[in-house]
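The next block is query.pdb, given as PDB, C-alpha atoms.
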ATOM      1  CA  MET E   1      38.031 -14.145  10.091
ATOM      2  CA  VAL E   2      37.424 -17.774   9.587
ATOM      3  CA  TYR E   3      38.278 -18.876   6.095
ATOM      4  CA  VAL E   4      36.873 -22.242   5.169
ATOM      5  CA  ALA E   5      38.947 -24.330   2.818
ATOM      6  CA  SER E   6      36.368 -26.617   1.273
ATOM      7  CA  TRP E   7      33.345 -25.433  -0.625
ATOM      8  CA  ASP E   8      31.039 -28.138   0.662
ATOM      9  CA  ASP E   9      31.990 -27.286   4.206
ATOM     10  CA  PHE E  10      31.237 -23.654   3.603
ATOM     11  CA  LEU E  11      27.906 -24.509   2.032
ATOM     12  CA  GLU E  12      26.850 -26.703   4.913
ATOM     13  CA  LYS E  13      27.910 -24.265   7.611
ATOM     14  CA  SER E  14      26.242 -21.318   5.950
ATOM     15  CA  LEU E  15      22.952 -23.146   5.638
ATOM     16  CA  LEU E  16      23.154 -24.195   9.276
ATOM     17  CA  LEU E  17      23.858 -20.634  10.310
ATOM     18  CA  PHE E  18      20.967 -19.292   8.321
ATOM     19  CA  ARG E  19      18.527 -21.888   9.559
ATOM     20  CA  SER E  20      19.414 -21.212  13.167
ATOM     21  CA  GLN E  21      19.320 -17.402  12.933
ATOM     22  CA  PRO E  22      17.248 -16.425   9.910
ATOM     23  CA  ASP E  23      16.682 -12.881  11.119
ATOM     24  CA  GLN E  24      20.298 -12.120  11.854
ATOM     25  CA  THR E  25      22.152 -13.942   9.132
ATOM     26  CA  ARG E  26      23.390 -12.194   6.037
ATOM     27  CA  TYR E  27      25.308 -13.420   3.028
ATOM     28  CA  SER E  28      27.814 -11.091   1.474
ATOM     29  CA  THR E  29      29.843 -11.230  -1.733
ATOM     30  CA  LYS E  30      32.820  -9.117  -2.689
ATOM     31  CA  TYR E  31      34.228  -9.123  -6.155
ATOM     32  CA  ARG E  32      37.339  -7.350  -7.339
ATOM     33  CA  HIS E  33      37.794  -7.437 -11.058
ATOM     34  CA  CYS E  34      41.237  -5.844 -10.949
ATOM     35  CA  ASP E  35      42.552  -8.590  -8.656
ATOM     36  CA  GLY E  36      40.353 -11.347 -10.002
ATOM     37  CA  LYS E  37      39.262 -12.305  -6.508
ATOM     38  CA  LEU E  38      35.959 -13.319  -5.031
ATOM     39  CA  VAL E  39      35.198 -13.519  -1.310
ATOM     40  CA  LEU E  40      32.018 -14.865   0.223
ATOM     41  CA  LYS E  41      30.978 -14.234   3.803
ATOM     42  CA  VAL E  42      28.113 -15.549   5.872
ATOM     43  CA  THR E  43      27.607 -14.172   9.350
ATOM     44  CA  ASP E  44      24.989 -13.769  12.024
ATOM     45  CA  ASP E  45      27.058 -11.161  13.847
ATOM     46  CA  LYS E  46      28.212 -13.792  16.303
ATOM     47  CA  GLU E  47      29.797 -16.338  14.067
ATOM     48  CA  CYS E  48      31.386 -15.683  10.739
ATOM     49  CA  ILE E  49      32.589 -17.901   7.959
ATOM     50  CA  LYS E  50      34.301 -16.849   4.778
ATOM     51  CA  PHE E  51      35.397 -18.379   1.543
ATOM     52  CA  LYS E  52      37.797 -16.839  -0.917
ATOM     53  CA  THR E  53      38.740 -17.851  -4.398
ATOM     54  CA  ASP E  54      40.126 -16.771  -7.708
ATOM     55  CA  GLN E  55      38.878 -19.765  -9.701
ATOM     56  CA  ALA E  56      36.207 -19.541 -12.343
ATOM     57  CA  GLN E  57      34.786 -22.912 -11.341
ATOM     58  CA  ASP E  58      33.959 -21.546  -7.895
ATOM     59  CA  ALA E  59      31.941 -18.778  -9.502
ATOM     60  CA  ARG E  60      29.572 -21.432 -10.795
ATOM     61  CA  LYS E  61      29.257 -22.936  -7.352
ATOM     62  CA  MET E  62      28.640 -19.488  -5.937
ATOM     63  CA  GLU E  63      25.795 -19.024  -8.371
ATOM     64  CA  LYS E  64      24.144 -22.103  -6.988
ATOM     65  CA  LEU E  65      24.583 -20.778  -3.485
ATOM     66  CA  ASN E  66      23.091 -17.475  -4.579
ATOM     67  CA  ASN E  67      20.046 -19.297  -5.839
ATOM     68  CA  ILE E  68      19.720 -21.188  -2.603
ATOM     69  CA  PHE E  69      19.937 -18.051  -0.519
ATOM     70  CA  PHE E  70      17.514 -16.135  -2.706
ATOM     71  CA  THR E  71      14.985 -18.924  -2.349
ATOM     72  CA  LEU E  72      15.494 -19.233   1.386
ATOM     73  CA  MET E  73      15.362 -15.535   2.053
ATOM     74  CA  ALA E  74      12.418 -14.707  -0.139
ATOM     75  CA  ASN E  75      10.336 -17.681   0.896
ATOM     76  CA  GLY E  76      11.366 -18.135   4.492
ATOM     77  CA  PRO E  77      13.880 -20.368   6.265
ATOM     78  CA  GLN E  78      11.742 -23.442   5.874
ATOM     79  CA  ALA E  79      11.693 -23.182   2.123
ATOM     80  CA  ASP E  80      12.356 -26.282   0.157
ATOM     81  CA  ILE E  81      15.602 -25.918  -1.688
ATOM     82  CA  SER E  82      15.780 -29.338  -3.193
ATOM     83  CA  GLU E  83      14.300 -28.020  -6.372
ATOM     84  CA  VAL E  84      17.018 -25.454  -6.787
ATOM     85  CA  GLY E  85      18.772 -27.390  -9.441
ATOM     86  CA  VAL E  86      20.785 -26.051 -12.255
ATOM     87  CA  LYS E  87      18.395 -23.820 -14.057
ATOM     88  CA  GLU E  88      18.826 -24.136 -17.742
ATOM     89  CA  GLN E  89      19.370 -20.787 -19.152
ATOM     90  CA  ILE E  90      16.595 -19.889 -21.409
ATOM     91  CA  GLU E  91      18.725 -17.410 -23.168
ATOM     92  CA  ALA E  92      17.805 -16.813 -26.706
ATOM     93  CA  GLN E  93      21.178 -17.769 -27.985
ATOM     94  CA  PRO E  94      21.485 -16.687 -31.523
ATOM     95  CA  ALA E  95      22.678 -20.032 -32.699
ATOM     96  CA  LYS E  96      24.612 -19.754 -35.839
ATOM     97  CA  LYS E  97      22.620 -21.519 -38.367
ATOM     98  CA  GLY E  98      24.743 -24.184 -39.880
ATOM     99  CA  ARG E  99      27.038 -22.979 -42.549
ATOM    100  CA  GLY E 100      25.040 -23.149 -45.627
ATOM    101  CA  ARG E 101      26.344 -25.556 -48.115
ATOM    102  CA  LYS E 102      27.789 -23.926 -51.065
ATOM    103  CA  GLN E 103      25.550 -24.815 -53.815
TER     104      GLN E 103
ATOM    105  CA  MET T   1      49.338  23.880  60.220
ATOM    106  CA  LYS T   2      48.730  25.619  57.104
ATOM    107  CA  ILE T   3      46.708  23.759  54.693
ATOM    108  CA  LYS T   4      47.030  25.219  51.393
ATOM    109  CA  LEU T   5      44.168  24.557  49.292
ATOM    110  CA  LYS T   6      45.172  24.716  45.803
ATOM    111  CA  GLU T   7      42.840  26.662  43.780
ATOM    112  CA  GLY T   8      41.230  24.701  41.140
ATOM    113  CA  PHE T   9      41.085  25.847  37.621
ATOM    114  CA  GLY T  10      40.162  29.413  37.419
ATOM    115  CA  ASN T  11      38.776  29.335  33.973
ATOM    116  CA  SER T  12      37.320  26.110  32.903
ATOM    117  CA  ALA T  13      38.861  25.479  29.603
ATOM    118  CA  LEU T  14      36.498  25.366  26.756
ATOM    119  CA  PHE T  15      37.446  22.608  24.468
ATOM    120  CA  PHE T  16      36.390  23.411  21.013
ATOM    121  CA  HIS T  17      35.659  20.159  19.442
ATOM    122  CA  LYS T  18      37.595  21.024  16.412
ATOM    123  CA  GLN T  19      38.454  17.436  15.805
ATOM    124  CA  SER T  20      34.882  16.298  15.574
ATOM    125  CA  ALA T  21      33.914  19.219  13.383
ATOM    126  CA  LEU T  22      36.611  18.249  10.945
ATOM    127  CA  LEU T  23      35.456  14.674  11.002
ATOM    128  CA  ASN T  24      31.900  15.597  10.240
ATOM    129  CA  SER T  25      32.890  17.456   7.132
ATOM    130  CA  HIS T  26      35.068  14.616   5.901
ATOM    131  CA  THR T  27      32.826  11.649   6.510
ATOM    132  CA  GLN T  28      29.991  12.091   4.119
ATOM    133  CA  TYR T  29      27.614   9.294   4.635
ATOM    134  CA  THR T  30      26.038   8.514   1.308
ATOM    135  CA  GLU T  31      22.479   7.542   1.712
ATOM    136  CA  MET T  32      21.170   4.162   0.830
ATOM    137  CA  VAL T  33      19.112   4.378  -2.306
ATOM    138  CA  ARG T  34      16.135   2.054  -2.351
ATOM    139  CA  LEU T  35      15.167   0.966  -5.835
ATOM    140  CA  GLN T  36      12.763  -1.384  -7.524
ATOM    141  CA  PRO T  37      14.307  -4.716  -8.577
ATOM    142  CA  ASP T  38      14.770  -3.836 -12.250
ATOM    143  CA  PRO T  39      16.403  -0.420 -11.837
ATOM    144  CA  PHE T  40      18.513  -2.043  -9.136
ATOM    145  CA  LEU T  41      19.821  -4.589 -11.620
ATOM    146  CA  ASN T  42      20.647  -1.848 -14.116
ATOM    147  CA  GLU T  43      22.482   0.136 -11.511
ATOM    148  CA  LEU T  44      24.332  -2.990 -10.407
ATOM    149  CA  THR T  45      25.523  -3.562 -13.960
ATOM    150  CA  ASN T  46      26.820  -0.004 -14.054
ATOM    151  CA  MET T  47      28.639  -0.574 -10.800
ATOM    152  CA  PHE T  48      30.427  -3.570 -12.201
ATOM    153  CA  GLU T  49      31.367  -1.591 -15.281
ATOM    154  CA  ARG T  50      32.792   1.233 -13.227
ATOM    155  CA  THR T  51      34.975  -1.016 -11.084
ATOM    156  CA  THR T  52      36.703  -2.881 -13.874
ATOM    157  CA  GLU T  53      40.021  -1.136 -13.458
ATOM    158  CA  LYS T  54      39.997  -0.796  -9.722
ATOM    159  CA  GLY T  55      37.642  -1.130  -6.804
ATOM    160  CA  SER T  56      35.297  -3.801  -5.502
ATOM    161  CA  VAL T  57      31.632  -4.562  -5.654
ATOM    162  CA  TRP T  58      29.950  -5.863  -2.519
ATOM    163  CA  VAL T  59      26.558  -7.535  -2.753
ATOM    164  CA  THR T  60      24.768  -8.557   0.433
ATOM    165  CA  LEU T  61      21.674 -10.686   0.816
ATOM    166  CA  LYS T  62      19.534 -10.647   3.912
ATOM    167  CA  HIS T  63      16.221 -12.080   5.000
ATOM    168  CA  SER T  64      14.159  -9.119   6.097
ATOM    169  CA  SER T  65      10.636  -7.853   6.441
ATOM    170  CA  ASP T  66      11.438  -4.182   6.064
ATOM    171  CA  LYS T  67       9.614  -3.349   9.289
ATOM    172  CA  SER T  68      10.941  -2.102  12.573
ATOM    173  CA  LYS T  69      11.223  -4.404  15.547
ATOM    174  CA  VAL T  70       8.436  -2.572  17.333
ATOM    175  CA  LYS T  71       6.088  -3.130  14.438
ATOM    176  CA  ILE T  72       7.063  -6.776  14.211
ATOM    177  CA  ASN T  73       6.316  -7.353  17.877
ATOM    178  CA  LYS T  74       2.970  -5.658  17.514
ATOM    179  CA  MET T  75       2.130  -7.764  14.531
ATOM    180  CA  LYS T  76       3.142 -10.920  16.339
ATOM    181  CA  THR T  77       0.892 -10.182  19.283
ATOM    182  CA  ALA T  78      -1.945  -9.353  16.924
ATOM    183  CA  GLY T  79      -1.424 -12.643  15.152
ATOM    184  CA  GLU T  80      -0.769 -11.048  11.801
ATOM    185  CA  LYS T  81       1.467 -12.802   9.359
ATOM    186  CA  ILE T  82       4.674 -10.948   8.640
ATOM    187  CA  GLU T  83       5.658 -10.895   5.030
ATOM    188  CA  TYR T  84       9.307 -11.555   4.541
ATOM    189  CA  LYS T  85      11.385 -10.551   1.613
ATOM    190  CA  CYS T  86      14.960 -10.736   0.527
ATOM    191  CA  LEU T  87      16.867  -7.515   0.991
ATOM    192  CA  VAL T  88      19.654  -7.098  -1.533
ATOM    193  CA  ARG T  89      22.243  -4.391  -1.107
ATOM    194  CA  ALA T  90      25.067  -3.476  -3.426
ATOM    195  CA  THR T  91      27.866  -0.980  -3.047
ATOM    196  CA  ASP T  92      31.098   0.001  -4.698
ATOM    197  CA  GLY T  93      32.441   1.707  -1.615
ATOM    198  CA  LYS T  94      30.976   5.059  -2.545
ATOM    199  CA  LYS T  95      27.459   4.545  -3.676
ATOM    200  CA  THR T  96      24.971   2.134  -2.128
ATOM    201  CA  ILE T  97      21.794   0.795  -3.654
ATOM    202  CA  SER T  98      19.269  -1.664  -2.325
ATOM    203  CA  THR T  99      16.077  -3.451  -3.205
ATOM    204  CA  MET T 100      13.544  -5.812  -1.702
ATOM    205  CA  VAL T 101      12.779  -8.979  -3.633
ATOM    206  CA  GLY T 102       9.571 -10.741  -2.740
ATOM    207  CA  GLN T 103       8.483 -14.274  -3.262
ATOM    208  CA  LYS T 104       6.841 -13.577  -6.584
ATOM    209  CA  ASP T 105       9.709 -11.936  -8.386
ATOM    210  CA  HIS T 106      12.533 -13.803  -6.742
ATOM    211  CA  SER T 107      13.117 -16.355  -9.478
ATOM    212  CA  ARG T 108      13.164 -13.728 -12.199
ATOM    213  CA  PHE T 109      15.512 -11.551 -10.172
ATOM    214  CA  GLN T 110      17.665 -14.544  -9.415
ATOM    215  CA  SER T 111      18.206 -15.441 -13.057
ATOM    216  CA  SER T 112      18.874 -11.845 -14.097
ATOM    217  CA  TYR T 113      21.335 -11.501 -11.260
ATOM    218  CA  ALA T 114      23.049 -14.727 -12.283
ATOM    219  CA  THR T 115      23.367 -13.468 -15.850
ATOM    220  CA  ILE T 116      24.945 -10.228 -14.707
ATOM    221  CA  LEU T 117      27.487 -12.090 -12.609
ATOM    222  CA  LYS T 118      28.344 -14.485 -15.396
ATOM    223  CA  THR T 119      28.996 -11.659 -17.836
ATOM    224  CA  ARG T 120      30.942  -9.612 -15.358
ATOM    225  CA  MET T 121      33.016 -12.052 -13.350
ATOM    226  CA  THR T 122      35.441 -12.790 -16.094
ATOM    227  CA  ALA T 123      38.662 -12.080 -14.257
ATOM    228  CA  LEU T 124      38.706 -15.352 -12.372
ATOM    229  CA  LYS T 125      41.203 -17.996 -13.402
ATOM    230  CA  LYS T 126      40.224 -20.948 -15.452
ATOM    231  CA  ARG T 127      41.409 -24.252 -14.123
ATOM    232  CA  GLU T 128      44.534 -25.523 -15.792
ATOM    233  CA  ARG T 129      45.107 -29.162 -16.072
ATOM    234  CA  LYS T 130      48.830 -29.252 -16.188
ATOM    235  CA  ASP T 131      49.207 -32.093 -13.709
ATOM    236  CA  ARG T 132      48.074 -34.782 -16.055
ATOM    237  CA  ARG T 133      50.417 -33.917 -18.835
ATOM    238  CA  LYS T 134      53.494 -33.781 -16.666
ATOM    239  CA  THR T 135      53.230 -37.285 -15.281
ATOM    240  CA  ALA T 136      52.967 -38.795 -18.748
ATOM    241  CA  ASP T 137      56.726 -39.047 -19.341
ATOM    242  CA  SER T 138      57.790 -40.002 -15.848
ATOM    243  CA  ASP T 139      56.904 -43.287 -14.239
ATOM    244  CA  LYS T 140      53.319 -44.087 -14.694
ATOM    245  CA  LYS T 141      51.553 -43.673 -11.487
ATOM    246  CA  GLN T 142      51.949 -47.014  -9.914
ATOM    247  CA  GLU T 143      50.423 -45.954  -6.683
ATOM    248  CA  PRO T 144      51.137 -48.932  -4.580
ATOM    249  CA  LYS T 145      48.961 -47.384  -2.014
ATOM    250  CA  LYS T 146      47.516 -50.179  -0.076
ATOM    251  CA  PRO T 147      44.213 -49.284   1.433
ATOM    252  CA  SER T 148      45.286 -48.451   4.892
ATOM    253  CA  SER T 149      42.962 -50.785   6.578
ATOM    254  CA  ALA T 150      45.870 -52.459   8.227
ATOM    255  CA  ALA T 151      45.208 -50.607  11.422
ATOM    256  CA  LYS T 152      42.502 -52.903  12.497
ATOM    257  CA  PRO T 153      42.138 -52.715  16.175
ATOM    258  CA  SER T 154      41.871 -56.343  16.982
ATOM    259  CA  ASN T 155      40.914 -56.924  20.504
TER     260      ASN T 155
END

Encoded form (structure tokens):
Amino acid sequence: MVYVASWDDFLEKSLLLFRSQPDQTRYSTKYRHCDGKLVLKVTDDKECIKFKTDQAQDARKMEKLNNIFFTLMANGPQADISEVGVKEQIEAQPAKKGRGRKQ
Amino acid sequence: MKIKLKEGFGNSALFFHKQSALLNSHTQYTEMVRLQPDPFLNELTNMFERTTEKGSVWVTLKHSSDKSKVKINKMKTAGEKIEYKCLVRATDGKKTISTMVGQKDHSRFQSSYATILKTRMTALKKRERKDRRKTADSDKKQEPKKPSSAAKPSN
């Protein structure tokens, strides 16, 4: 199994792989909460690249990659992914209303 | 010259495939459950909850049209446009669920999925910045690193 050390490398290679074999390529994620480990794998059944991590910062990067793959796979390999920026979460965060001044 | 022909096997042995019978009873292939995107997300959340103490969750994404190769070839020759979707599968090693996400609901699915991951992937380590503090007392980083452009191949 080919483990790639750098994230950017992994990103580039996986996109290349997908673009060249859109019908065969799949992107797989494995998460183990008990070990705190995350492994990503992209393969077209001929080539395979993997990335493993236990860092929280990589989870954020993985999210971005997820978005990219969702867009590519749902819309087709020629989809434009430049707009896949960081989507601001429109979560209705119950912001604590400022502590009321004691009157 | 006597040529003794050895008799072959009198009774052909019947091999009872006991081994394979045993195997069949042990390997229970759980079927892949195909769900709609929303129930899929709920089930995925449950999967994460169940595997907190031990076990893994695998999620696989694939570009697919949900049609057999024969059908695809037929459609291609007929000039029909094949609608592609994103096939998402999830398993915890025992149970497998899957769903197809089309173009229309992909962004909604994507954000829900991201939320689930954020809430659930809490076991990963936060980055610790211990390097900076340590070098404070020792010599300040002088770093006399000259840009190694000395290796200029001068012809």

| Expected selection from the PyMOL selection byres ((chain T) within 8 of (chain E)), given as JSON, numbers by chain | {"T": [51, 52, 53, 54, 55, 56, 57, 58, 59, 60, 61, 62, 63, 64, 84, 85, 86, 101, 102, 103, 106, 107, 110, 114, 121, 122, 123, 124, 125, 126, 127]}

Please produce a file of those selected residues containing C-alpha atoms, as a JSON list (two decimals), keeping the file's coordinate frame.
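part-v1.json, written as the output of this step:
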[["chain", "number", "residue", "atom", "x", "y", "z"],
["T", 51, "THR", "CA", 34.98, -1.02, -11.08],
["T", 52, "THR", "CA", 36.70, -2.88, -13.87],
["T", 53, "GLU", "CA", 40.02, -1.14, -13.46],
["T", 54, "LYS", "CA", 40.00, -0.80, -9.72],
["T", 55, "GLY", "CA", 37.64, -1.13, -6.80],
["T", 56, "SER", "CA", 35.30, -3.80, -5.50],
["T", 57, "VAL", "CA", 31.63, -4.56, -5.65],
["T", 58, "TRP", "CA", 29.95, -5.86, -2.52],
["T", 59, "VAL", "CA", 26.56, -7.54, -2.75],
["T", 60, "THR", "CA", 24.77, -8.56, 0.43],
["T", 61, "LEU", "CA", 21.67, -10.69, 0.82],
["T", 62, "LYS", "CA", 19.53, -10.65, 3.91],
["T", 63, "HIS", "CA", 16.22, -12.08, 5.00],
["T", 64, "SER", "CA", 14.16, -9.12, 6.10],
["T", 84, "TYR", "CA", 9.31, -11.56, 4.54],
["T", 85, "LYS", "CA", 11.38, -10.55, 1.61],
["T", 86, "CYS", "CA", 14.96, -10.74, 0.53],
["T", 101, "VAL", "CA", 12.78, -8.98, -3.63],
["T", 102, "GLY", "CA", 9.57, -10.74, -2.74],
["T", 103, "GLN", "CA", 8.48, -14.27, -3.26],
["T", 106, "HIS", "CA", 12.53, -13.80, -6.74],
["T", 107, "SER", "CA", 13.12, -16.36, -9.48],
["T", 110, "GLN", "CA", 17.66, -14.54, -9.41],
["T", 114, "ALA", "CA", 23.05, -14.73, -12.28],
["T", 121, "MET", "CA", 33.02, -12.05, -13.35],
["T", 122, "THR", "CA", 35.44, -12.79, -16.09],
["T", 123, "ALA", "CA", 38.66, -12.08, -14.26],
["T", 124, "LEU", "CA", 38.71, -15.35, -12.37],
["T", 125, "LYS", "CA", 41.20, -18.00, -13.40],
["T", 126, "LYS", "CA", 40.22, -20.95, -15.45],
["T", 127, "ARG", "CA", 41.41, -24.25, -14.12]]

| field | Point-to-point distance in Å for atom CA of T:Thr99 and atom CA of T:Phe40 | value |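 Going from atom CA of T:Phe40 over to atom CA of T:Thr99 covers 6.6 Å.
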
| message | Would you compute the distance between atom CA of T:Lys94 and atom CA of T:Phe48? Give it in Å to one decimal. | response |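 Going from atom CA of T:Lys94 over to atom CA of T:Phe48 covers 13.0 Å.
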
| request: Would you work out the distance separating atom CA of T:Ser65 from atom CA of E:Ser20, expressed in Å to one decimal? | output: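 Between atom CA of T:Ser65 and atom CA of E:Ser20 the gap is 17.3 Å.
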
| query | Contacts of T:Arg34 at 10 Å or less, counting all atoms listed in the file, minus same-chain residues fewer than 4 places along, as a list of chain:residue names? | reply |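 Selected residues are T:Pro39, T:Phe40, T:Val88, T:Arg89, T:Thr96, T:Ile97, T:Ser98, T:Thr99, T:Met100.
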
| message | Env of E:Ile49: 7 Å cut, atoms = only C-alpha atoms, seq-sep filter 3 positions within chain, self excluded. Answer as number ranges by chain. | response | E: 1-4, 41-43

Save out the residues we just selected, C-alpha atoms, as a compact mmCIF listing (two decimals), keeping the file's coordinate frame.
# COMPACT_ATOMS: atom_id res chain seq x y z
CA MET E 1 38.03 -14.14 10.09
CA VAL E 2 37.42 -17.77 9.59
CA TYR E 3 38.28 -18.88 6.10
CA VAL E 4 36.87 -22.24 5.17
CA LYS E 41 30.98 -14.23 3.80
CA VAL E 42 28.11 -15.55 5.87
CA THR E 43 27.61 -14.17 9.35

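By only C-alpha atoms, and with residues fewer than 5 positions from E:Ala5 along its chain excluded, the set lying at most 9 Å from it is Phe10, Phe51 and Lys52 of chain E.
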
Size and centre in Å, one decimal, axis-aligned box, all listed stretch 67-75 of chain T atoms plus 5 Å per side, as AutoDock Vina command-line options:
--center_x 6.7 --center_y -4.9 --center_z 13.6 --size_x 19.1 --size_y 15.7 --size_z 18.6
